[in-house]
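J.: Here you go, this is structure09.pdb (PDB, C-alpha atoms).
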ATOM      1  CA  MET A 718     153.312  78.359  94.580
ATOM      2  CA  SER A 719     154.417  81.548  96.325
ATOM      3  CA  ASP A 720     152.385  83.248  99.036
ATOM      4  CA  GLN A 721     151.678  86.120  96.626
ATOM      5  CA  GLU A 722     150.354  83.702  93.966
ATOM      6  CA  ALA A 723     148.185  81.906  96.540
ATOM      7  CA  ILE A 724     146.710  85.211  97.706
ATOM      8  CA  GLY A 725     146.098  86.278  94.090
ATOM      9  CA  GLU A 726     144.215  83.045  93.389
ATOM     10  CA  ALA A 727     142.208  83.412  96.614
ATOM     11  CA  VAL A 728     141.241  86.986  95.723
ATOM     12  CA  ALA A 729     140.277  85.947  92.186
ATOM     13  CA  ARG A 730     138.153  83.022  93.392
ATOM     14  CA  THR A 731     136.449  85.036  96.134
ATOM     15  CA  VAL A 732     135.686  88.127  94.052
ATOM     16  CA  ARG A 733     134.232  85.980  91.228
ATOM     17  CA  SER A 734     132.074  84.050  93.688
ATOM     18  CA  LEU A 735     130.803  87.087  95.598
ATOM     19  CA  ARG A 736     130.131  89.086  92.438
ATOM     20  CA  ALA A 737     128.169  86.174  90.984
ATOM     21  CA  GLY A 738     126.341  85.777  94.288
ATOM     22  CA  HIS A 739     125.155  89.373  94.042
ATOM     23  CA  GLY A 740     124.218  88.847  90.401
ATOM     24  CA  TRP A 741     126.458  91.730  89.334
ATOM     25  CA  SER A 742     128.288  92.147  86.060
ATOM     26  CA  LEU A 743     131.922  93.227  85.990
ATOM     27  CA  ASP A 744     130.739  96.711  84.990
ATOM     28  CA  GLU A 745     128.364  96.901  87.945
ATOM     29  CA  LEU A 746     130.989  95.873  90.500
ATOM     30  CA  ALA A 747     133.520  98.237  88.908
ATOM     31  CA  GLY A 748     131.058 101.117  89.252
ATOM     32  CA  ARG A 749     130.175 100.265  92.845
ATOM     33  CA  ALA A 750     133.834  99.882  93.829
ATOM     34  CA  GLY A 751     135.137 102.862  91.879
ATOM     35  CA  VAL A 752     137.730 100.789  89.993
ATOM     36  CA  SER A 753     138.139 100.111  86.303
ATOM     37  CA  LYS A 754     136.655  97.059  84.650
ATOM     38  CA  GLY A 755     140.152  96.157  83.428
ATOM     39  CA  VAL A 756     141.423  95.994  87.011
ATOM     40  CA  LEU A 757     138.560  93.648  87.913
ATOM     41  CA  VAL A 758     139.126  91.422  84.880
ATOM     42  CA  GLY A 759     142.804  91.077  85.792
ATOM     43  CA  LEU A 760     141.934  90.463  89.427
ATOM     44  CA  GLU A 761     139.359  87.750  88.623
ATOM     45  CA  GLN A 762     141.862  86.060  86.319
ATOM     46  CA  GLY A 763     144.526  86.052  89.036
ATOM     47  CA  ARG A 764     146.700  88.525  87.145
ATOM     48  CA  GLY A 765     148.072  91.802  88.361
ATOM     49  CA  ASN A 766     148.911  93.024  91.801
ATOM     50  CA  PRO A 767     146.125  95.277  93.094
ATOM     51  CA  ASN A 768     147.056  97.741  95.789
ATOM     52  CA  LEU A 769     145.503  97.777  99.235
ATOM     53  CA  GLY A 770     143.214 100.702  98.406
ATOM     54  CA  THR A 771     141.740  98.818  95.440
ATOM     55  CA  LEU A 772     141.147  95.697  97.532
ATOM     56  CA  ILE A 773     139.449  97.752 100.256
ATOM     57  CA  ARG A 774     137.152  99.457  97.719
ATOM     58  CA  ILE A 775     136.212  96.072  96.252
ATOM     59  CA  SER A 776     135.587  94.468  99.654
ATOM     60  CA  ASP A 777     133.452  97.450 100.695
ATOM     61  CA  ALA A 778     131.405  97.231  97.492
ATOM     62  CA  LEU A 779     130.879  93.493  98.042
ATOM     63  CA  GLY A 780     129.959  94.054 101.689
ATOM     64  CA  VAL A 781     132.642  91.784 103.134
ATOM     65  CA  PRO A 782     135.710  92.419 105.267
ATOM     66  CA  LEU A 783     139.049  92.647 103.484
ATOM     67  CA  THR A 784     140.152  89.454 105.240
ATOM     68  CA  ARG A 785     137.480  87.535 103.306
ATOM     69  CA  LEU A 786     139.042  88.546  99.984
ATOM     70  CA  VAL A 787     142.558  87.449 100.877
ATOM     71  CA  GLN A 788     141.667  84.286 102.788
ATOM     72  CA  VAL A 789     143.811  81.626 101.136
ATOM     73  CA  GLU A 790     141.922  78.646 102.526
ATOM     74  CA  GLU A 791     138.921  77.686 100.463
ATOM     75  CA  GLU A 792     135.547  77.298 102.099
ATOM     76  CA  PRO A 793     135.297  73.745 103.385
ATOM     77  CA  ALA A 794     133.465  71.257 101.189
ATOM     78  CA  THR A 795     131.165  70.477 104.125
ATOM     79  CA  ARG A 796     129.716  72.839 106.706
ATOM     80  CA  LEU A 797     128.058  71.241 109.705
ATOM     81  CA  PHE A 798     125.075  72.721 111.548
ATOM     82  CA  PRO A 799     124.827  70.815 114.834
ATOM     83  CA  PRO A 800     121.632  71.129 116.917
ATOM     84  CA  ASP A 801     123.006  74.049 118.944
ATOM     85  CA  ARG A 802     123.185  76.082 115.697
ATOM     86  CA  HIS A 803     119.540  75.415 114.730
ATOM     87  CA  VAL A 804     117.437  78.528 115.249
ATOM     88  CA  VAL A 805     113.706  78.647 115.962
ATOM     89  CA  LEU A 806     112.546  81.676 113.968
ATOM     90  CA  TRP A 807     108.765  81.197 114.148
ATOM     91  CA  HIS A 808     106.600  80.419 117.146
ATOM     92  CA  GLY A 809     102.946  79.577 116.554
ATOM     93  CA  PRO A 810     100.234  80.664 118.974
ATOM     94  CA  SER A 811      99.657  77.036 120.049
ATOM     95  CA  GLY A 812     103.313  76.016 120.328
ATOM     96  CA  GLY A 813     104.214  75.227 116.714
ATOM     97  CA  THR A 814     107.702  76.085 115.502
ATOM     98  CA  GLY A 815     109.645  76.917 112.365
ATOM     99  CA  THR A 816     113.293  75.964 112.839
ATOM    100  CA  LEU A 817     116.084  76.950 110.448
ATOM    101  CA  LEU A 818     118.366  73.902 110.346
ATOM    102  CA  GLY A 819     121.029  75.260 108.018
ATOM    103  CA  GLY A 820     121.701  77.348 104.969
ATOM    104  CA  SER A 821     124.212  78.332 102.358
ATOM    105  CA  ASP A 822     125.558  81.689 101.296
ATOM    106  CA  PRO A 823     126.066  83.792  99.240
ATOM    107  CA  ARG A 824     123.250  83.658  96.715
ATOM    108  CA  PRO A 825     122.016  81.515  95.291
ATOM    109  CA  SER A 826     121.199  80.365  98.788
ATOM    110  CA  LEU A 827     119.490  77.269 100.049
ATOM    111  CA  GLU A 828     117.769  76.996 103.430
ATOM    112  CA  LEU A 829     116.547  73.863 105.173
ATOM    113  CA  TRP A 830     113.737  74.135 107.726
ATOM    114  CA  ARG A 831     111.801  71.839 110.049
ATOM    115  CA  TRP A 832     108.234  72.879 110.844
ATOM    116  CA  VAL A 833     105.635  71.752 113.368
ATOM    117  CA  LEU A 834     102.140  73.206 113.080
ATOM    118  CA  ARG A 835      99.707  72.515 115.900
ATOM    119  CA  PRO A 836      95.971  72.171 115.109
ATOM    120  CA  GLY A 837      94.596  75.454 113.791
ATOM    121  CA  GLU A 838      97.966  77.152 113.289
ATOM    122  CA  VAL A 839      98.710  79.079 110.102
ATOM    123  CA  ARG A 840     102.010  80.503 108.869
ATOM    124  CA  GLN A 841     101.483  83.283 106.321
ATOM    125  CA  SER A 842     104.467  84.223 104.176
ATOM    126  CA  ASP A 843     104.949  87.246 101.971
ATOM    127  CA  ALA A 844     106.332  86.737  98.493
ATOM    128  CA  HIS A 845     110.100  86.171  98.437
ATOM    129  CA  VAL A 846     112.452  87.565  95.772
ATOM    130  CA  PRO A 847     111.562  86.734  92.157
ATOM    131  CA  GLY A 848     112.607  83.224  91.155
ATOM    132  CA  THR A 849     112.462  81.721  94.666
ATOM    133  CA  LYS A 850     111.430  78.054  94.762
ATOM    134  CA  GLU A 851     110.278  76.028  97.756
ATOM    135  CA  ILE A 852     109.951  72.303  98.322
ATOM    136  CA  ILE A 853     108.065  70.748 101.213
ATOM    137  CA  TYR A 854     107.873  67.169 102.396
ATOM    138  CA  VAL A 855     105.129  66.309 104.884
ATOM    139  CA  GLU A 856     106.341  63.761 107.424
ATOM    140  CA  ASP A 857     103.217  63.557 109.629
ATOM    141  CA  GLY A 858      99.706  64.900 109.343
ATOM    142  CA  VAL A 859      97.963  66.812 106.567
ATOM    143  CA  LEU A 860      99.215  70.233 105.491
ATOM    144  CA  THR A 861      97.103  72.780 103.650
ATOM    145  CA  LEU A 862      99.381  74.705 101.301
ATOM    146  CA  GLY A 863      98.175  78.019  99.895
ATOM    147  CA  VAL A 864     100.018  79.656  97.001
ATOM    148  CA  ALA A 865      98.711  82.832  95.349
ATOM    149  CA  GLY A 866      95.124  82.063  96.343
ATOM    150  CA  HIS A 867      95.236  78.370  95.331
ATOM    151  CA  ARG A 868      94.976  75.711  98.076
ATOM    152  CA  ASP A 869      96.349  72.159  98.028
ATOM    153  CA  THR A 870      96.054  69.419 100.629
ATOM    154  CA  VAL A 871      99.420  67.692 101.113
ATOM    155  CA  GLN A 872      99.254  64.293 102.826
ATOM    156  CA  ALA A 873     102.002  62.648 104.888
ATOM    157  CA  GLY A 874     104.627  61.087 102.618
ATOM    158  CA  THR A 875     103.966  63.640  99.866
ATOM    159  CA  ALA A 876     106.280  66.369  98.570
ATOM    160  CA  ALA A 877     105.272  69.575  96.812
ATOM    161  CA  VAL A 878     107.334  72.087  94.822
ATOM    162  CA  PHE A 879     106.037  75.623  94.403
ATOM    163  CA  VAL A 880     107.061  79.181  93.616
ATOM    164  CA  GLY A 881     107.920  81.177  96.704
ATOM    165  CA  ASP A 882     107.830  84.527  94.939
ATOM    166  CA  ARG A 883     104.077  84.776  95.516
ATOM    167  CA  PRO A 884     102.236  85.099  98.815
ATOM    168  CA  HIS A 885     101.875  81.645 100.357
ATOM    169  CA  SER A 886     100.810  79.918 103.550
ATOM    170  CA  TYR A 887     101.142  76.678 105.454
ATOM    171  CA  SER A 888      98.223  75.701 107.659
ATOM    172  CA  ASN A 889      97.015  72.849 109.809
ATOM    173  CA  GLU A 890      93.253  72.487 109.496
ATOM    174  CA  THR A 891      93.163  69.131 111.310
ATOM    175  CA  ASP A 892      93.113  67.950 114.935
ATOM    176  CA  GLU A 893      96.615  66.418 114.724
ATOM    177  CA  ASP A 894     100.064  68.008 114.545
ATOM    178  CA  VAL A 895     101.619  68.508 111.100
ATOM    179  CA  ARG A 896     105.383  68.011 110.720
ATOM    180  CA  PHE A 897     107.140  68.929 107.511
ATOM    181  CA  VAL A 898     110.548  69.738 106.088
ATOM    182  CA  LEU A 899     110.961  72.794 103.876
ATOM    183  CA  ALA A 900     113.772  73.776 101.519
ATOM    184  CA  VAL A 901     113.919  77.330 100.130
ATOM    185  CA  LEU A 902     116.089  78.218  97.133
ATOM    186  CA  ASP A 903     116.683  81.962  96.695
ATOM    187  CA  PRO A 904     118.229  82.786  93.303
TER     188      PRO A 904
END
Would you mind giving the structure from this file in structure tokens?
T.:
Amino acid sequence: MSDQEAIGEAVARTVRSLRAGHGWSLDELAGRAGVSKGVLVGLEQGRGNPNLGTLIRISDALGVPLTRLVQVEEEPATRLFPPDRHVVLWHGPSGGTGTLLGGSDPRPSLELWRWVLRPGEVRQSDAHVPGTKEIIYVEDGVLTLGVAGHRDTVQAGTAAVFVGDRPHSYSNETDEDVRFVLAVLDP
């Protein structure tokens, strides 16, 4: 395969993936990029030879650098998130934490979290985008899960699946720490 063919396939694969990740139709991306739908169809099928201006307009519309479109190497099958890449994004008033362990992109995206709630701590969450799902698994303690005004007690060793597109909360109403793992799927 020639370098030009490899770049064409990379552009086709990347544009299809990013457009799908945004949830856009061909018409919507064409309108945002200021290119014809026919150009996009040819591009996503690995046909044609788009000029630099067209590629720049498409990368701008997708919100990625031009280098991302023409990157010949595919994304690795495995991405590692070692401990130094874990990010504590929530700190409770008594020392609890919400740590983002890893995530995928673009949408649909999946995030994996580790949570520790100290006695009396509550984490309130606004509704996420429509269609968001969450799964928790309580490792230690007893978690009180609130979703859209409904409350459930989730014991250690128990998992719960719920809609994240409604206001929800995680709380520790006991005298012992609660440790749980959370996965969030954004459509």
J.: Which residue gives the smallest distance to Asp777 (chain A) among A:Ser753, A:Ala727, A:Ala794, A:Val732, with all atoms listed in the file counted?
T.: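 Closest candidate: A:Val732.
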J.: Within 7 Å of region 886-899 of chain A, counting all atoms listed in the file, which residues show up once you throw out same-chain ones fewer than 4 positions away? Write them as a list in words, please.
T.: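 The residues satisfying every condition are Leu829, Trp830, Arg831, Trp832, Val833, Leu834, Arg835, Pro836, Gly837, Glu838, Val839, Arg840, Gln841, Ser842, Glu851, Ile852, Ile853, Tyr854, Val855, Glu856, Asp857, Gly858, Val859, Leu860, Thr861, Leu862, Gly863 and Val864 of chain A.
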J.: Between A:Leu797, A:Thr849, A:Thr814, A:Leu746, which one has atoms that come closest to Val758 (chain A), using all atoms listed in the file?
T.: A:Leu746
J.: Applied to the shown file, which residues does the PyMOL selection byres ((chain A and resi 775) around 12) return, written as number ranges by chain?
T.: A: 728-729, 731-733, 735-736, 743, 745-754, 756-757, 760-761, 767-774, 776-787
J.: Could you write those residues out with C-alpha atoms, as an mmCIF file, in the coordinates of the input?
T.:
data_model
loop_
_atom_site.group_PDB
_atom_site.id
_atom_site.type_symbol
_atom_site.label_atom_id
_atom_site.label_comp_id
_atom_site.auth_asym_id
_atom_site.auth_seq_id
_atom_site.Cartn_x
_atom_site.Cartn_y
_atom_site.Cartn_z
ATOM 1 C CA VAL A 728 141.241 86.986 95.723
ATOM 2 C CA ALA A 729 140.277 85.947 92.186
ATOM 3 C CA THR A 731 136.449 85.036 96.134
ATOM 4 C CA VAL A 732 135.686 88.127 94.052
ATOM 5 C CA ARG A 733 134.232 85.980 91.228
ATOM 6 C CA LEU A 735 130.803 87.087 95.598
ATOM 7 C CA ARG A 736 130.131 89.086 92.438
ATOM 8 C CA LEU A 743 131.922 93.227 85.990
ATOM 9 C CA GLU A 745 128.364 96.901 87.945
ATOM 10 C CA LEU A 746 130.989 95.873 90.500
ATOM 11 C CA ALA A 747 133.520 98.237 88.908
ATOM 12 C CA GLY A 748 131.058 101.117 89.252
ATOM 13 C CA ARG A 749 130.175 100.265 92.845
ATOM 14 C CA ALA A 750 133.834 99.882 93.829
ATOM 15 C CA GLY A 751 135.137 102.862 91.879
ATOM 16 C CA VAL A 752 137.730 100.789 89.993
ATOM 17 C CA SER A 753 138.139 100.111 86.303
ATOM 18 C CA LYS A 754 136.655 97.059 84.650
ATOM 19 C CA VAL A 756 141.423 95.994 87.011
ATOM 20 C CA LEU A 757 138.560 93.648 87.913
ATOM 21 C CA LEU A 760 141.934 90.463 89.427
ATOM 22 C CA GLU A 761 139.359 87.750 88.623
ATOM 23 C CA PRO A 767 146.125 95.277 93.094
ATOM 24 C CA ASN A 768 147.056 97.741 95.789
ATOM 25 C CA LEU A 769 145.503 97.777 99.235
ATOM 26 C CA GLY A 770 143.214 100.702 98.406
ATOM 27 C CA THR A 771 141.740 98.818 95.440
ATOM 28 C CA LEU A 772 141.147 95.697 97.532
ATOM 29 C CA ILE A 773 139.449 97.752 100.256
ATOM 30 C CA ARG A 774 137.152 99.457 97.719
ATOM 31 C CA SER A 776 135.587 94.468 99.654
ATOM 32 C CA ASP A 777 133.452 97.450 100.695
ATOM 33 C CA ALA A 778 131.405 97.231 97.492
ATOM 34 C CA LEU A 779 130.879 93.493 98.042
ATOM 35 C CA GLY A 780 129.959 94.054 101.689
ATOM 36 C CA VAL A 781 132.642 91.784 103.134
ATOM 37 C CA PRO A 782 135.710 92.419 105.267
ATOM 38 C CA LEU A 783 139.049 92.647 103.484
ATOM 39 C CA THR A 784 140.152 89.454 105.240
ATOM 40 C CA ARG A 785 137.480 87.535 103.306
ATOM 41 C CA LEU A 786 139.042 88.546 99.984
ATOM 42 C CA VAL A 787 142.558 87.449 100.877
#
J.: Of the candidates A:Gly765, A:Pro799, A:Gly755, A:Gly848, which shows the shortest atom-to-atom distance to Pro825 (chain A), using all atoms listed in the file?
T.: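 Nearest to Pro825 (chain A): A:Gly848.
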J.: Find the distance between CA of Gly815 (chain A) and CA of Ala844 (chain A) and write it in Å to one decimal.
T.: 17.3 Å
J.: Which is closest to Val805 (chain A) among A:Ala877, A:Val846, A:Leu902, A:Leu817, if we use all atoms listed in the file?
T.: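 Looking only at the distances to Val805 (chain A), the closest residue turns out to be A:Leu817.
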J.: Take the point (93.9, 84.5, 93.1) in the file's coordinates, draw a sphere of radius 12 Å around it, and report as number ranges by chain every protein, DNA or RNA residue with an atom inside or on it, counting all atoms listed in the file.
T.: A: 863-868, 883-885
J.: Please, what distance in Å, to one decimal, runs between CA of Ser821 (chain A) and CA of Phe879 (chain A)?
T.: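 Between CA of Ser821 (chain A) and CA of Phe879 (chain A) the gap is 20.0 Å.
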J.: Pick out the closest residue to Ser826 (chain A) from this set: A:Asp903, A:Arg730, A:Gln721, A:Ser811. Count only C-alpha atoms.
T.: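 Of all the options, A:Asp903 lies closest to Ser826 (chain A).
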J.: Find the distance between CA of Leu818 (chain A) and CA of Val804 (chain A) and write it in Å to one decimal.
T.: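 It comes out at 6.8 Å.
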J.: Determine the nearest neighbour of Arg764 (chain A) from the options A:Pro847, A:Gly819, A:Gly725, A:Pro904, counting only C-alpha atoms.
T.: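 Selected residue with least distance to Arg764 (chain A): A:Gly725.
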J.: Provide region 778-789 of chain A rebuilt to all heavy atoms, formatted as an mmCIF file, in the frame of the given file.
T.:
data_model
loop_
_atom_site.group_PDB
_atom_site.id
_atom_site.type_symbol
_atom_site.label_atom_id
_atom_site.label_comp_id
_atom_site.auth_asym_id
_atom_site.auth_seq_id
_atom_site.Cartn_x
_atom_site.Cartn_y
_atom_site.Cartn_z
ATOM 1 N N ALA A 778 132.503 97.348 98.457
ATOM 2 C CA ALA A 778 131.405 97.231 97.492
ATOM 3 C C ALA A 778 130.705 95.885 97.617
ATOM 4 O O ALA A 778 129.482 95.799 97.472
ATOM 5 C CB ALA A 778 131.938 97.421 96.072
ATOM 6 N N LEU A 779 131.457 94.836 97.904
ATOM 7 C CA LEU A 779 130.879 93.493 98.042
ATOM 8 C C LEU A 779 130.272 93.258 99.424
ATOM 9 O O LEU A 779 129.601 92.260 99.648
ATOM 10 C CB LEU A 779 131.944 92.428 97.749
ATOM 11 C CG LEU A 779 132.401 92.351 96.295
ATOM 12 C CD1 LEU A 779 133.645 91.473 96.175
ATOM 13 C CD2 LEU A 779 131.277 91.820 95.406
ATOM 14 N N GLY A 780 130.533 94.174 100.353
ATOM 15 C CA GLY A 780 129.959 94.054 101.689
ATOM 16 C C GLY A 780 130.610 92.997 102.547
ATOM 17 O O GLY A 780 129.956 92.374 103.392
ATOM 18 N N VAL A 781 131.911 92.773 102.345
ATOM 19 C CA VAL A 781 132.642 91.784 103.134
ATOM 20 C C VAL A 781 133.920 92.424 103.683
ATOM 21 O O VAL A 781 134.433 93.386 103.110
ATOM 22 C CB VAL A 781 133.001 90.528 102.312
ATOM 23 C CG1 VAL A 781 131.754 89.819 101.801
ATOM 24 C CG2 VAL A 781 133.919 90.860 101.158
ATOM 25 N N PRO A 782 134.440 91.888 104.770
ATOM 26 C CA PRO A 782 135.710 92.419 105.267
ATOM 27 C C PRO A 782 136.855 92.073 104.313
ATOM 28 O O PRO A 782 136.790 91.067 103.591
ATOM 29 C CB PRO A 782 135.893 91.729 106.619
ATOM 30 C CG PRO A 782 135.005 90.547 106.602
ATOM 31 C CD PRO A 782 133.907 90.827 105.625
ATOM 32 N N LEU A 783 137.879 92.876 104.335
ATOM 33 C CA LEU A 783 139.049 92.647 103.484
ATOM 34 C C LEU A 783 139.625 91.253 103.709
ATOM 35 O O LEU A 783 140.059 90.595 102.756
ATOM 36 C CB LEU A 783 140.109 93.717 103.757
ATOM 37 C CG LEU A 783 141.421 93.574 103.006
ATOM 38 C CD1 LEU A 783 141.192 93.655 101.503
ATOM 39 C CD2 LEU A 783 142.405 94.638 103.458
ATOM 40 N N THR A 784 139.593 90.778 104.940
ATOM 41 C CA THR A 784 140.152 89.454 105.240
ATOM 42 C C THR A 784 139.467 88.361 104.430
ATOM 43 O O THR A 784 140.083 87.352 104.105
ATOM 44 C CB THR A 784 140.042 89.127 106.743
ATOM 45 O OG1 THR A 784 138.681 89.286 107.148
ATOM 46 C CG2 THR A 784 140.940 90.032 107.557
ATOM 47 N N ARG A 785 138.202 88.549 104.094
ATOM 48 C CA ARG A 785 137.480 87.535 103.306
ATOM 49 C C ARG A 785 138.048 87.436 101.896
ATOM 50 O O ARG A 785 138.114 86.356 101.322
ATOM 51 C CB ARG A 785 135.997 87.879 103.269
ATOM 52 C CG ARG A 785 135.163 87.004 102.373
ATOM 53 C CD ARG A 785 134.467 85.887 103.130
ATOM 54 N NE ARG A 785 133.750 84.993 102.265
ATOM 55 C CZ ARG A 785 132.449 85.067 101.992
ATOM 56 N NH1 ARG A 785 131.723 85.999 102.552
ATOM 57 N NH2 ARG A 785 131.888 84.212 101.188
ATOM 58 N N LEU A 786 138.488 88.568 101.344
ATOM 59 C CA LEU A 786 139.042 88.546 99.984
ATOM 60 C C LEU A 786 140.380 87.831 99.918
ATOM 61 O O LEU A 786 140.679 87.167 98.932
ATOM 62 C CB LEU A 786 139.223 89.963 99.441
ATOM 63 C CG LEU A 786 137.994 90.786 99.114
ATOM 64 C CD1 LEU A 786 138.406 92.074 98.416
ATOM 65 C CD2 LEU A 786 136.994 90.022 98.283
ATOM 66 N N VAL A 787 141.191 87.972 100.934
ATOM 67 C CA VAL A 787 142.558 87.449 100.877
ATOM 68 C C VAL A 787 142.717 86.131 101.629
ATOM 69 O O VAL A 787 143.831 85.635 101.773
ATOM 70 C CB VAL A 787 143.574 88.482 101.404
ATOM 71 C CG1 VAL A 787 143.553 89.727 100.525
ATOM 72 C CG2 VAL A 787 143.312 88.835 102.848
ATOM 73 N N GLN A 788 141.620 85.555 102.073
ATOM 74 C CA GLN A 788 141.667 84.286 102.788
ATOM 75 C C GLN A 788 142.084 83.186 101.821
ATOM 76 O O GLN A 788 141.365 82.864 100.884
ATOM 77 C CB GLN A 788 140.294 83.987 103.378
ATOM 78 C CG GLN A 788 140.214 82.723 104.165
ATOM 79 C CD GLN A 788 138.807 82.543 104.742
ATOM 80 O OE1 GLN A 788 138.018 83.463 104.794
ATOM 81 N NE2 GLN A 788 138.520 81.341 105.152
ATOM 82 N N VAL A 789 143.250 82.609 102.058
ATOM 83 C CA VAL A 789 143.811 81.626 101.136
ATOM 84 C C VAL A 789 143.061 80.296 101.213
ATOM 85 O O VAL A 789 142.844 79.640 100.205
ATOM 86 C CB VAL A 789 145.325 81.418 101.399
ATOM 87 C CG1 VAL A 789 145.877 80.311 100.529
ATOM 88 C CG2 VAL A 789 146.076 82.719 101.149
#
